[in-house]
>>> print(open('run-v2.pdb').read())   # PDB, C-alpha atoms
ATOM      1  CA  MET A   1       0.000   0.000   0.000
ATOM      2  CA  ASN A   2       2.895   2.360   0.791
ATOM      3  CA  THR A   3       4.284   1.933  -2.702
ATOM      4  CA  THR A   4       0.905   2.916  -4.146
ATOM      5  CA  VAL A   5       0.821   6.065  -1.996
ATOM      6  CA  ALA A   6       4.384   6.868  -3.112
ATOM      7  CA  LEU A   7       3.372   6.434  -6.757
ATOM      8  CA  ILE A   8       0.356   8.711  -6.404
ATOM      9  CA  LEU A   9       2.437  11.364  -4.624
ATOM     10  CA  MET A  10       5.263  11.308  -7.191
ATOM     11  CA  LEU A  11       2.821  11.467 -10.056
ATOM     12  CA  ALA A  12       0.720  14.227  -8.467
ATOM     13  CA  VAL A  13       3.660  16.481  -7.521
ATOM     14  CA  GLY A  14       5.488  15.919 -10.804
ATOM     15  CA  THR A  15       2.401  16.525 -12.924
ATOM     16  CA  TYR A  16       1.481  19.703 -11.063
ATOM     17  CA  ALA A  17       5.061  20.993 -11.407
ATOM     18  CA  LEU A  18       4.872  20.466 -15.178
ATOM     19  CA  ARG A  19       1.572  22.313 -15.313
ATOM     20  CA  LEU A  20       3.053  25.235 -13.370
ATOM     21  CA  VAL A  21       5.732  25.849 -16.032
ATOM     22  CA  GLY A  22       3.409  28.074 -18.055
ATOM     23  CA  PRO A  23       1.921  30.190 -15.234
ATOM     24  CA  ALA A  24       5.328  30.486 -13.534
ATOM     25  CA  LEU A  25       7.012  31.884 -16.624
ATOM     26  CA  HIS A  26       4.038  34.009 -17.651
ATOM     27  CA  GLY A  27       4.425  37.681 -16.816
ATOM     28  CA  ARG A  28       8.071  37.257 -15.844
ATOM     29  CA  VAL A  29       9.319  36.623 -19.322
ATOM     30  CA  GLU A  30       7.821  38.759 -22.040
ATOM     31  CA  LEU A  31       7.253  36.392 -24.927
ATOM     32  CA  PRO A  32       7.382  37.873 -28.421
ATOM     33  CA  ALA A  33       4.177  37.498 -30.446
ATOM     34  CA  ARG A  34       5.933  35.091 -32.811
ATOM     35  CA  VAL A  35       6.898  32.795 -29.960
ATOM     36  CA  GLN A  36       3.354  32.878 -28.602
ATOM     37  CA  GLU A  37       2.029  32.038 -32.040
ATOM     38  CA  LEU A  38       4.515  29.190 -32.240
ATOM     39  CA  LEU A  39       3.415  27.907 -28.813
ATOM     40  CA  SER A  40      -0.231  27.831 -29.892
ATOM     41  CA  ALA A  41       0.782  26.050 -33.086
ATOM     42  CA  GLY A  42       2.852  23.637 -30.999
ATOM     43  CA  ALA A  43      -0.193  22.785 -28.874
ATOM     44  CA  VAL A  44      -2.207  21.979 -32.010
ATOM     45  CA  VAL A  45       0.641  19.847 -33.409
ATOM     46  CA  LEU A  46       0.827  17.984 -30.078
ATOM     47  CA  LEU A  47      -2.926  17.399 -30.010
ATOM     48  CA  VAL A  48      -3.013  16.138 -33.591
ATOM     49  CA  ALA A  49      -0.107  13.759 -32.911
ATOM     50  CA  LEU A  50      -1.884  12.631 -29.744
ATOM     51  CA  LEU A  51      -5.090  11.856 -31.586
ATOM     52  CA  ALA A  52      -3.197  10.023 -34.353
ATOM     53  CA  THR A  53      -1.191   7.848 -31.974
ATOM     54  CA  GLY A  54      -4.280   7.385 -29.789
ATOM     55  CA  ALA A  55      -6.372   6.296 -32.765
ATOM     56  CA  LEU A  56      -3.823   4.012 -34.411
ATOM     57  CA  THR A  57      -1.510   2.594 -31.756
ATOM     58  CA  GLU A  58      -1.738   0.575 -28.575
ATOM     59  CA  ASP A  59       1.272  -0.551 -26.506
ATOM     60  CA  GLY A  60       3.684   0.435 -29.262
ATOM     61  CA  GLY A  61       1.868  -1.510 -31.995
ATOM     62  CA  PHE A  62      -1.141  -1.175 -34.289
ATOM     63  CA  ALA A  63      -4.404  -0.806 -32.374
ATOM     64  CA  GLY A  64      -6.479  -2.758 -34.906
ATOM     65  CA  TRP A  65      -9.015  -1.419 -37.416
ATOM     66  CA  ALA A  66     -12.058  -0.941 -35.204
ATOM     67  CA  ARG A  67     -10.710   2.046 -33.285
ATOM     68  CA  PRO A  68      -9.355   4.136 -36.211
ATOM     69  CA  ALA A  69     -12.568   3.368 -38.139
ATOM     70  CA  GLY A  70     -14.589   4.797 -35.242
ATOM     71  CA  VAL A  71     -12.339   7.839 -34.985
ATOM     72  CA  LEU A  72     -12.632   8.382 -38.741
ATOM     73  CA  ALA A  73     -16.433   8.218 -38.454
ATOM     74  CA  GLY A  74     -16.220  10.793 -35.667
ATOM     75  CA  GLY A  75     -14.023  12.971 -37.883
ATOM     76  CA  VAL A  76     -16.513  12.817 -40.764
ATOM     77  CA  LEU A  77     -19.341  13.749 -38.387
ATOM     78  CA  ALA A  78     -17.257  16.649 -37.046
ATOM     79  CA  MET A  79     -16.519  17.883 -40.571
ATOM     80  CA  GLY A  80     -20.161  17.880 -41.567
ATOM     81  CA  VAL A  81     -21.450  16.466 -44.828
ATOM     82  CA  PRO A  82     -18.587  16.232 -47.335
ATOM     83  CA  PRO A  83     -18.860  18.470 -50.388
ATOM     84  CA  LEU A  84     -20.144  16.638 -53.442
ATOM     85  CA  GLY A  85     -19.068  19.049 -56.140
ATOM     86  CA  ARG A  86     -16.471  21.669 -56.786
ATOM     87  CA  GLY A  87     -16.941  24.913 -54.931
ATOM     88  CA  ARG A  88     -19.293  23.398 -52.391
ATOM     89  CA  LYS A  89     -18.582  24.397 -48.818
ATOM     90  CA  TRP A  90     -18.110  21.883 -46.057
ATOM     91  CA  GLY A  91     -21.080  21.501 -43.709
ATOM     92  CA  LYS A  92     -21.262  22.850 -40.188
ATOM     93  CA  GLY A  93     -20.343  19.646 -38.372
ATOM     94  CA  ALA A  94     -22.308  17.539 -35.921
ATOM     95  CA  PRO A  95     -22.596  18.459 -32.221
ATOM     96  CA  PHE A  96     -19.786  17.312 -29.982
ATOM     97  CA  ALA A  97     -21.751  14.550 -28.236
ATOM     98  CA  VAL A  98     -22.829  13.099 -31.601
ATOM     99  CA  VAL A  99     -19.198  12.960 -32.749
ATOM    100  CA  VAL A 100     -18.091  11.098 -29.617
ATOM    101  CA  LEU A 101     -21.068   8.725 -29.531
ATOM    102  CA  GLY A 102     -20.767   8.094 -33.274
ATOM    103  CA  ALA A 103     -17.088   7.172 -32.927
ATOM    104  CA  ALA A 104     -17.710   4.870 -29.959
ATOM    105  CA  THR A 105     -20.721   3.260 -31.658
ATOM    106  CA  VAL A 106     -18.872   2.487 -34.908
ATOM    107  CA  THR A 107     -15.938   0.989 -33.000
ATOM    108  CA  GLY A 108     -18.243  -0.975 -30.684
ATOM    109  CA  VAL A 109     -20.341  -2.350 -33.549
ATOM    110  CA  LEU A 110     -17.233  -3.333 -35.547
ATOM    111  CA  ARG A 111     -15.880  -5.175 -32.489
ATOM    112  CA  ALA A 112     -19.218  -6.925 -32.011
ATOM    113  CA  MET A 113     -18.958  -8.025 -35.637
ATOM    114  CA  GLY A 114     -15.561  -9.509 -34.931
ATOM    115  CA  VAL A 115     -13.292  -6.774 -36.302
ATOM    116  CA  ALA A 116     -10.396  -6.253 -33.889
TER     117      ALA A 116
ATOM    118  CA  MET B   1     -13.558   7.638 -19.850
ATOM    119  CA  GLY B   2     -13.329   8.254 -16.117
ATOM    120  CA  VAL B   3     -15.705   5.344 -15.642
ATOM    121  CA  SER B   4     -13.375   3.030 -17.554
ATOM    122  CA  PHE B   5     -10.336   4.216 -15.546
ATOM    123  CA  GLY B   6     -12.060   3.503 -12.230
ATOM    124  CA  ALA B   7     -13.343   0.170 -13.484
ATOM    125  CA  ILE B   8      -9.976  -0.935 -14.922
ATOM    126  CA  ALA B   9      -8.060  -0.033 -11.754
ATOM    127  CA  VAL B  10     -10.455  -1.860  -9.446
ATOM    128  CA  ALA B  11     -10.845  -4.825 -11.778
ATOM    129  CA  GLY B  12      -7.036  -5.099 -11.722
ATOM    130  CA  GLY B  13      -7.089  -5.555  -7.958
ATOM    131  CA  LEU B  14      -6.522  -2.038  -6.583
ATOM    132  CA  PRO B  15      -8.715  -0.762  -3.728
ATOM    133  CA  VAL B  16     -11.465   1.728  -4.635
ATOM    134  CA  TRP B  17      -9.703   4.733  -3.043
ATOM    135  CA  VAL B  18      -6.600   4.421  -5.289
ATOM    136  CA  PRO B  19      -8.199   5.448  -8.616
ATOM    137  CA  VAL B  20     -10.432   7.986  -6.835
ATOM    138  CA  VAL B  21      -7.628   9.797  -4.969
ATOM    139  CA  MET B  22      -5.261   9.530  -7.916
ATOM    140  CA  SER B  23      -7.798  11.164 -10.211
ATOM    141  CA  LEU B  24      -8.312  14.070  -7.831
ATOM    142  CA  VAL B  25      -4.642  14.885  -7.224
ATOM    143  CA  VAL B  26      -2.990  13.790 -10.486
ATOM    144  CA  TYR B  27      -5.894  14.564 -12.818
ATOM    145  CA  ALA B  28      -4.295  13.415 -16.070
ATOM    146  CA  GLY B  29      -6.173  10.631 -17.810
ATOM    147  CA  SER B  30      -3.543   9.063 -20.058
ATOM    148  CA  ALA B  31      -0.847   9.291 -17.372
ATOM    149  CA  GLN B  32      -3.164   7.641 -14.839
ATOM    150  CA  PHE B  33      -4.047   4.850 -17.262
ATOM    151  CA  SER B  34      -0.414   4.147 -18.036
ATOM    152  CA  ALA B  35       0.757   4.445 -14.417
ATOM    153  CA  VAL B  36      -1.915   2.020 -13.228
ATOM    154  CA  GLY B  37      -1.125  -0.218 -16.192
ATOM    155  CA  VAL B  38       2.558  -0.375 -15.262
ATOM    156  CA  LEU B  39       1.673  -0.906 -11.602
ATOM    157  CA  LEU B  40      -0.759  -3.733 -12.357
ATOM    158  CA  ALA B  41       1.797  -5.314 -14.701
ATOM    159  CA  GLY B  42       4.212  -5.454 -11.761
ATOM    160  CA  GLY B  43       6.461  -2.642 -12.981
ATOM    161  CA  GLY B  44       6.860  -1.028  -9.559
ATOM    162  CA  PRO B  45       5.924   2.513  -8.450
ATOM    163  CA  LEU B  46       9.059   4.227  -9.788
ATOM    164  CA  ALA B  47       8.569   2.934 -13.338
ATOM    165  CA  ALA B  48       4.861   3.687 -13.084
ATOM    166  CA  ALA B  49       5.459   7.295 -11.981
ATOM    167  CA  ALA B  50       8.172   7.813 -14.623
ATOM    168  CA  THR B  51       5.853   6.568 -17.374
ATOM    169  CA  GLY B  52       3.055   8.833 -16.201
ATOM    170  CA  LEU B  53       5.312  11.876 -15.908
ATOM    171  CA  LEU B  54       6.781  11.290 -19.351
ATOM    172  CA  LEU B  55       3.251  11.358 -20.742
ATOM    173  CA  ASN B  56       2.570  14.558 -18.830
ATOM    174  CA  THR B  57       5.581  16.522 -20.061
ATOM    175  CA  ARG B  58       3.300  17.804 -22.804
ATOM    176  CA  ASN B  59       1.356  19.631 -20.090
ATOM    177  CA  ALA B  60       4.341  21.958 -19.659
ATOM    178  CA  ALA B  61       3.981  22.997 -23.300
ATOM    179  CA  PHE B  62       0.195  23.229 -22.937
ATOM    180  CA  SER B  63       0.412  25.353 -19.801
ATOM    181  CA  LEU B  64       2.665  27.795 -21.678
ATOM    182  CA  ALA B  65       0.100  28.005 -24.467
ATOM    183  CA  VAL B  66      -2.757  28.872 -22.098
ATOM    184  CA  ALA B  67      -0.789  30.738 -19.375
ATOM    185  CA  GLY B  68      -2.419  34.022 -20.374
ATOM    186  CA  LEU B  69      -5.882  32.620 -19.665
ATOM    187  CA  LEU B  70      -5.181  31.533 -16.093
ATOM    188  CA  GLY B  71      -4.577  34.874 -14.373
ATOM    189  CA  PRO B  72      -4.759  37.494 -13.111
ATOM    190  CA  GLY B  73      -4.699  36.415  -9.454
ATOM    191  CA  ARG B  74      -2.142  34.076  -7.937
ATOM    192  CA  ALA B  75      -4.833  31.743  -6.595
ATOM    193  CA  THR B  76      -6.582  31.398  -9.947
ATOM    194  CA  ARG B  77      -3.238  30.706 -11.628
ATOM    195  CA  LEU B  78      -2.429  27.948  -9.135
ATOM    196  CA  LEU B  79      -5.922  26.485  -9.472
ATOM    197  CA  GLY B  80      -6.055  26.868 -13.237
ATOM    198  CA  ALA B  81      -2.729  25.062 -13.663
ATOM    199  CA  HIS B  82      -4.304  21.921 -12.206
ATOM    200  CA  LEU B  83      -7.021  22.088 -14.881
ATOM    201  CA  VAL B  84      -4.559  22.145 -17.801
ATOM    202  CA  THR B  85      -5.371  19.047 -19.858
ATOM    203  CA  ASP B  86      -5.433  18.091 -23.532
ATOM    204  CA  GLU B  87      -9.141  18.813 -23.632
ATOM    205  CA  THR B  88      -9.221  22.175 -21.818
ATOM    206  CA  VAL B  89      -6.351  23.483 -23.963
ATOM    207  CA  ALA B  90      -8.081  22.277 -27.120
ATOM    208  CA  PHE B  91     -11.415  23.796 -26.073
ATOM    209  CA  ALA B  92      -9.733  27.101 -25.252
ATOM    210  CA  LEU B  93      -7.649  27.310 -28.421
ATOM    211  CA  ALA B  94     -10.724  26.518 -30.533
ATOM    212  CA  GLN B  95     -12.208  29.893 -29.538
ATOM    213  CA  PRO B  96     -11.584  32.964 -31.686
ATOM    214  CA  ASP B  97     -10.822  35.665 -29.095
ATOM    215  CA  PRO B  98      -9.116  35.902 -25.659
ATOM    216  CA  ALA B  99     -12.321  36.499 -23.642
ATOM    217  CA  ARG B 100     -13.971  33.406 -25.118
ATOM    218  CA  ARG B 101     -10.768  31.420 -24.722
ATOM    219  CA  ARG B 102     -10.672  32.245 -21.032
ATOM    220  CA  ALA B 103     -14.321  31.334 -20.595
ATOM    221  CA  ALA B 104     -13.890  28.093 -22.550
ATOM    222  CA  PHE B 105     -10.858  27.132 -20.490
ATOM    223  CA  TRP B 106     -12.563  27.626 -17.134
ATOM    224  CA  ILE B 107     -15.949  26.207 -18.074
ATOM    225  CA  SER B 108     -14.486  23.114 -19.713
ATOM    226  CA  GLY B 109     -11.850  22.840 -16.970
ATOM    227  CA  ILE B 110     -14.307  22.812 -14.079
ATOM    228  CA  GLY B 111     -16.865  20.735 -15.980
ATOM    229  CA  LEU B 112     -14.328  18.105 -17.033
ATOM    230  CA  PHE B 113     -12.792  17.945 -13.563
ATOM    231  CA  ALA B 114     -16.218  17.246 -12.061
ATOM    232  CA  ALA B 115     -17.206  14.788 -14.794
ATOM    233  CA  TRP B 116     -13.903  12.893 -14.790
ATOM    234  CA  ASN B 117     -13.795  12.438 -11.019
ATOM    235  CA  THR B 118     -17.463  11.497 -10.777
ATOM    236  CA  GLY B 119     -16.917   8.985 -13.561
ATOM    237  CA  VAL B 120     -13.904   7.465 -11.811
ATOM    238  CA  LEU B 121     -15.895   7.060  -8.593
ATOM    239  CA  VAL B 122     -18.804   5.429 -10.414
ATOM    240  CA  GLY B 123     -16.459   3.161 -12.368
ATOM    241  CA  ALA B 124     -14.504   2.153  -9.276
ATOM    242  CA  LEU B 125     -17.731   1.300  -7.430
ATOM    243  CA  ALA B 126     -19.190  -0.554 -10.400
ATOM    244  CA  GLY B 127     -15.876  -2.376 -10.722
ATOM    245  CA  ARG B 128     -15.936  -5.563 -12.651
ATOM    246  CA  ALA B 129     -19.677  -5.439 -13.245
ATOM    247  CA  LEU B 130     -19.122  -3.193 -16.266
ATOM    248  CA  GLY B 131     -16.982  -5.683 -18.145
ATOM    249  CA  ASP B 132     -14.549  -4.660 -20.880
ATOM    250  CA  THR B 133     -15.146  -0.996 -21.807
ATOM    251  CA  ALA B 134     -13.433  -1.691 -25.163
ATOM    252  CA  ASP B 135     -16.610  -3.609 -26.081
ATOM    253  CA  TYR B 136     -18.475  -0.305 -26.113
ATOM    254  CA  GLY B 137     -15.843   1.324 -28.318
ATOM    255  CA  LEU B 138     -14.974   3.859 -25.609
ATOM    256  CA  ASP B 139     -11.316   3.809 -26.648
ATOM    257  CA  ALA B 140     -12.330   5.593 -29.867
ATOM    258  CA  ALA B 141     -13.990   8.389 -27.884
ATOM    259  CA  PHE B 142     -10.823  10.190 -26.768
ATOM    260  CA  PRO B 143      -9.204  10.493 -30.228
ATOM    261  CA  ALA B 144     -12.611  11.498 -31.636
ATOM    262  CA  VAL B 145     -12.895  14.270 -29.038
ATOM    263  CA  LEU B 146      -9.509  15.586 -30.163
ATOM    264  CA  VAL B 147     -10.501  15.401 -33.847
ATOM    265  CA  ALA B 148     -13.564  17.525 -33.170
ATOM    266  CA  LEU B 149     -11.479  20.003 -31.205
ATOM    267  CA  VAL B 150      -8.541  20.525 -33.556
ATOM    268  CA  LEU B 151     -10.588  20.601 -36.784
ATOM    269  CA  PRO B 152     -11.581  24.282 -36.463
ATOM    270  CA  ALA B 153      -7.947  25.338 -35.974
ATOM    271  CA  LEU B 154      -6.761  23.225 -38.914
ATOM    272  CA  ARG B 155      -9.548  24.505 -41.134
ATOM    273  CA  GLU B 156      -8.978  28.133 -40.284
ATOM    274  CA  ASN B 157      -5.191  28.199 -40.320
ATOM    275  CA  ALA B 158      -3.760  26.408 -43.346
ATOM    276  CA  ARG B 159      -0.226  26.968 -42.065
ATOM    277  CA  LEU B 160      -0.904  24.490 -39.258
ATOM    278  CA  ARG B 161      -1.581  21.594 -41.611
ATOM    279  CA  GLY B 162       1.980  20.927 -42.779
ATOM    280  CA  PRO B 163       3.492  20.929 -39.276
ATOM    281  CA  ALA B 164       0.617  18.789 -37.948
ATOM    282  CA  ALA B 165       0.999  16.246 -40.760
ATOM    283  CA  LEU B 166       4.768  16.000 -40.283
ATOM    284  CA  GLY B 167       4.230  15.674 -36.522
ATOM    285  CA  VAL B 168       1.826  12.772 -37.047
ATOM    286  CA  VAL B 169       4.315  10.966 -39.312
ATOM    287  CA  LEU B 170       7.138  11.449 -36.802
ATOM    288  CA  ALA B 171       5.024  10.346 -33.839
ATOM    289  CA  LEU B 172       3.700   7.236 -35.568
ATOM    290  CA  ALA B 173       7.137   6.267 -36.896
ATOM    291  CA  ALA B 174       8.656   6.585 -33.415
ATOM    292  CA  THR B 175       5.878   4.801 -31.508
ATOM    293  CA  PRO B 176       7.274   1.220 -31.736
ATOM    294  CA  PHE B 177      10.736   2.286 -30.591
ATOM    295  CA  VAL B 178      10.368   4.800 -27.746
ATOM    296  CA  PRO B 179       8.483   4.827 -24.410
ATOM    297  CA  ALA B 180       4.867   6.047 -24.312
ATOM    298  CA  GLY B 181       4.656   9.828 -24.185
ATOM    299  CA  VAL B 182       7.797  10.475 -26.235
ATOM    300  CA  PRO B 183       6.228  10.163 -29.722
ATOM    301  CA  VAL B 184       3.946  13.193 -29.307
ATOM    302  CA  LEU B 185       6.908  15.248 -28.068
ATOM    303  CA  LEU B 186       8.873  14.289 -31.184
ATOM    304  CA  ALA B 187       5.901  15.551 -33.182
ATOM    305  CA  LEU B 188       6.859  19.083 -32.116
ATOM    306  CA  ALA B 189       9.707  18.866 -34.650
ATOM    307  CA  GLY B 190       6.911  19.304 -37.210
ATOM    308  CA  LEU B 191       6.874  22.960 -36.145
ATOM    309  CA  GLY B 192       9.977  23.336 -38.307
ATOM    310  CA  LEU B 193       7.555  23.613 -41.210
ATOM    311  CA  TYR B 194       5.603  26.405 -39.543
ATOM    312  CA  GLY B 195       6.228  29.606 -41.478
ATOM    313  CA  TYR B 196       5.174  32.084 -38.834
ATOM    314  CA  GLY B 197       4.866  35.703 -39.785
ATOM    315  CA  ARG B 198       3.716  34.858 -43.318
ATOM    316  CA  LYS B 199       0.268  36.230 -43.951
ATOM    317  CA  GLY B 200      -2.372  35.316 -46.474
ATOM    318  CA  ALA B 201      -1.825  31.590 -46.486
ATOM    319  CA  ALA B 202      -4.912  30.964 -44.350
ATOM    320  CA  GLY B 203      -7.958  29.473 -45.990
TER     321      GLY B 203
END
>>> encode(input="run-v2.pdb", output="structure tokens")
Amino acid sequence: MNTTVALILMLAVGTYALRLVGPALHGRVELPARVQELLSAGAVVLLVALLATGALTEDGGFAGWARPAGVLAGGVLAMGVPPLGRGRKWGKGAPFAVVVLGAATVTGVLRAMGVA
Amino acid sequence: MGVSFGAIAVAGGLPVWVPVVMSLVVYAGSAQFSAVGVLLAGGGPLAAAATGLLLNTRNAAFSLAVAGLLGPGRATRLLGAHLVTDETVAFALAQPDPARRRAAFWISGIGLFAAWNTGVLVGALAGRALGDTADYGLDAAFPAVLVALVLPALRENARLRGPAALGVVLALAATPFVPAGVPVLLALAGLGLYGYGRKGAAG
């Protein structure tokens, strides 16, 4: 039990310290607009990489087809109806909950059908 | 997702308070999953904490990106830092102006904190009764959430697409060879393609 408490403490303190990096530096160091722009871009790049690895990989290997298929379905829902002809605008995109439920449903149904 | 974390931890043999307390004080989903995974696999607390912290290094970059939204007071900064997660940062950055970004950060931050911890408690209490959450396709939910959140930014700012695509390639290529958490950090090298300061490329 003591080892579990030690793990939780290490993880909690370490994680909070990492999260304090931003607020601690903010206001002390004046970041140029370009750097701030780059930081925002960096966050998007991180999130996209996170969703790609989260959708496609599991324990260092391929996660199987069911999960990326579900994520793809969620992505299509989020994009809205795809344009059918040239010059057509992309649709507005489904509500957030529909995207998430759609992704989970597609993955769940594929698994029930025997697709890993 | 909180439900599945609570359920997985308890089903693996941990007492109910472990996932509940961990979620309150660590509050980082992927790091908690991996730390508990390492612990349940017999990896020991040090390896478990190291794995979790490696996954959380991205929060340092995220907290820099949203630092301006956390102030002005010291207390709100200290509290807001704890709410920095993939989702709150994505929600905030999806908004067009600073006032909305601040509102999105705090609303999503408090809402997600409440939802995540309630879910963990429910999952821990339900324990094994729930069965394998992968059966319900819940593992597709988290990436799908991120897709929905980053799409507006990628649509609006064309200059983000190249760096994001390169980042994905780097992260996926590295995944089999490096510990969990490192691939997404390598993705930051994709920023090398980001031509900041150039105007007119958006669309």
>>> resolve_selection(input="run-v2.pdb", expression="the PyMOL selection byres ((chain A and resi 61) around 12)", output="PDB file with C-alpha atoms, keeping the file's coordinate frame")
ATOM      1  CA  THR A  53      -1.191   7.848 -31.974  1.00  0.00           C
ATOM      2  CA  GLY A  54      -4.280   7.385 -29.789  1.00  0.00           C
ATOM      3  CA  ALA A  55      -6.372   6.296 -32.765  1.00  0.00           C
ATOM      4  CA  LEU A  56      -3.823   4.012 -34.411  1.00  0.00           C
ATOM      5  CA  THR A  57      -1.510   2.594 -31.756  1.00  0.00           C
ATOM      6  CA  GLU A  58      -1.738   0.575 -28.575  1.00  0.00           C
ATOM      7  CA  ASP A  59       1.272  -0.551 -26.506  1.00  0.00           C
ATOM      8  CA  GLY A  60       3.684   0.435 -29.262  1.00  0.00           C
ATOM      9  CA  PHE A  62      -1.141  -1.175 -34.289  1.00  0.00           C
ATOM     10  CA  ALA A  63      -4.404  -0.806 -32.374  1.00  0.00           C
ATOM     11  CA  GLY A  64      -6.479  -2.758 -34.906  1.00  0.00           C
TER      12      GLY A  64
ATOM     13  CA  LEU B 172       3.700   7.236 -35.568  1.00  0.00           C
ATOM     14  CA  ALA B 173       7.137   6.267 -36.896  1.00  0.00           C
ATOM     15  CA  ALA B 174       8.656   6.585 -33.415  1.00  0.00           C
ATOM     16  CA  THR B 175       5.878   4.801 -31.508  1.00  0.00           C
ATOM     17  CA  PRO B 176       7.274   1.220 -31.736  1.00  0.00           C
ATOM     18  CA  PHE B 177      10.736   2.286 -30.591  1.00  0.00           C
ATOM     19  CA  VAL B 178      10.368   4.800 -27.746  1.00  0.00           C
ATOM     20  CA  PRO B 179       8.483   4.827 -24.410  1.00  0.00           C
ATOM     21  CA  ALA B 180       4.867   6.047 -24.312  1.00  0.00           C
TER      22      ALA B 180
END
>>> resolve_selection(input="run-v2.pdb", expression="the PyMOL selection byres ((chain B) within 6 of (chain A))", output="number ranges by chain")
B: 22, 25-26, 45, 49, 59-60, 62-65, 67, 81, 135-138, 140-141, 143-144, 146-148, 164, 167-168, 175-176, 184
>>> resolve_selection(input="run-v2.pdb", expression="the PyMOL selection byres ((chain B and resi 113-122) around 9)", output="PyMOL selection string")
chain B and resi 1-7+16-17+19-20+23-24+27+29+83+108-112+123-127
>>> write_last_selection(input="run-v2.pdb", atoms="C-alpha atoms", output="short mmCIF file (atom, residue, chain, number, x, y, z; two decimals), in the frame of the given file")
data_model
loop_
_atom_site.label_atom_id
_atom_site.label_comp_id
_atom_site.auth_asym_id
_atom_site.auth_seq_id
_atom_site.Cartn_x
_atom_site.Cartn_y
_atom_site.Cartn_z
CA MET B 1 -13.56 7.64 -19.85
CA GLY B 2 -13.33 8.25 -16.12
CA VAL B 3 -15.70 5.34 -15.64
CA SER B 4 -13.38 3.03 -17.55
CA PHE B 5 -10.34 4.22 -15.55
CA GLY B 6 -12.06 3.50 -12.23
CA ALA B 7 -13.34 0.17 -13.48
CA VAL B 16 -11.46 1.73 -4.64
CA TRP B 17 -9.70 4.73 -3.04
CA PRO B 19 -8.20 5.45 -8.62
CA VAL B 20 -10.43 7.99 -6.84
CA SER B 23 -7.80 11.16 -10.21
CA LEU B 24 -8.31 14.07 -7.83
CA TYR B 27 -5.89 14.56 -12.82
CA GLY B 29 -6.17 10.63 -17.81
CA LEU B 83 -7.02 22.09 -14.88
CA SER B 108 -14.49 23.11 -19.71
CA GLY B 109 -11.85 22.84 -16.97
CA ILE B 110 -14.31 22.81 -14.08
CA GLY B 111 -16.86 20.74 -15.98
CA LEU B 112 -14.33 18.10 -17.03
CA GLY B 123 -16.46 3.16 -12.37
CA ALA B 124 -14.50 2.15 -9.28
CA LEU B 125 -17.73 1.30 -7.43
CA ALA B 126 -19.19 -0.55 -10.40
CA GLY B 127 -15.88 -2.38 -10.72
#
>>> atom_distance(input="run-v2.pdb", atom1="atom CA of B:Ala94", atom2="atom CA of B:Leu149")
6.6 Å
>>> atom_distance(input="run-v2.pdb", atom1="atom CA of B:Thr85", atom2="atom CA of B:Leu170")
22.4 Å
>>> atom_distance(input="run-v2.pdb", atom1="atom CA of B:Ala90", atom2="atom CA of B:Leu193")
21.1 Å
>>> axis_aligned_box(input="run-v2.pdb", around="stretch 2-12 of chain A", padding_each_side="3 Å", output="AutoDock Vina command-line options")
--center_x 2.8 --center_y 8.1 --center_z -4.6 --size_x 10.9 --size_y 18.3 --size_z 16.8
>>> closest_residue(input="run-v2.pdb", among="B:Gly68, B:Ala165, B:Asp86, B:Ala31", to="B:Ala50", atoms="all atoms listed in the file")
B:Ala31
>>> residues_around(input="run-v2.pdb", residues="B:Leu70", least_positions_apart="4", cutoff="8 Å", atoms="all atoms listed in the file", output="list in words")
Pro23 of chain A; Val66, Thr76, Arg77, Gly80, Ala81 and Arg102 of chain B
>>> residues_around(input="run-v2.pdb", residues="B:Gly181", least_positions_apart="6", cutoff="10 Å", atoms="only C-alpha atoms", output="PyMOL selection string")
(chain A and resi 50+53) or (chain B and resi 30-31+34+51-58+171+175)
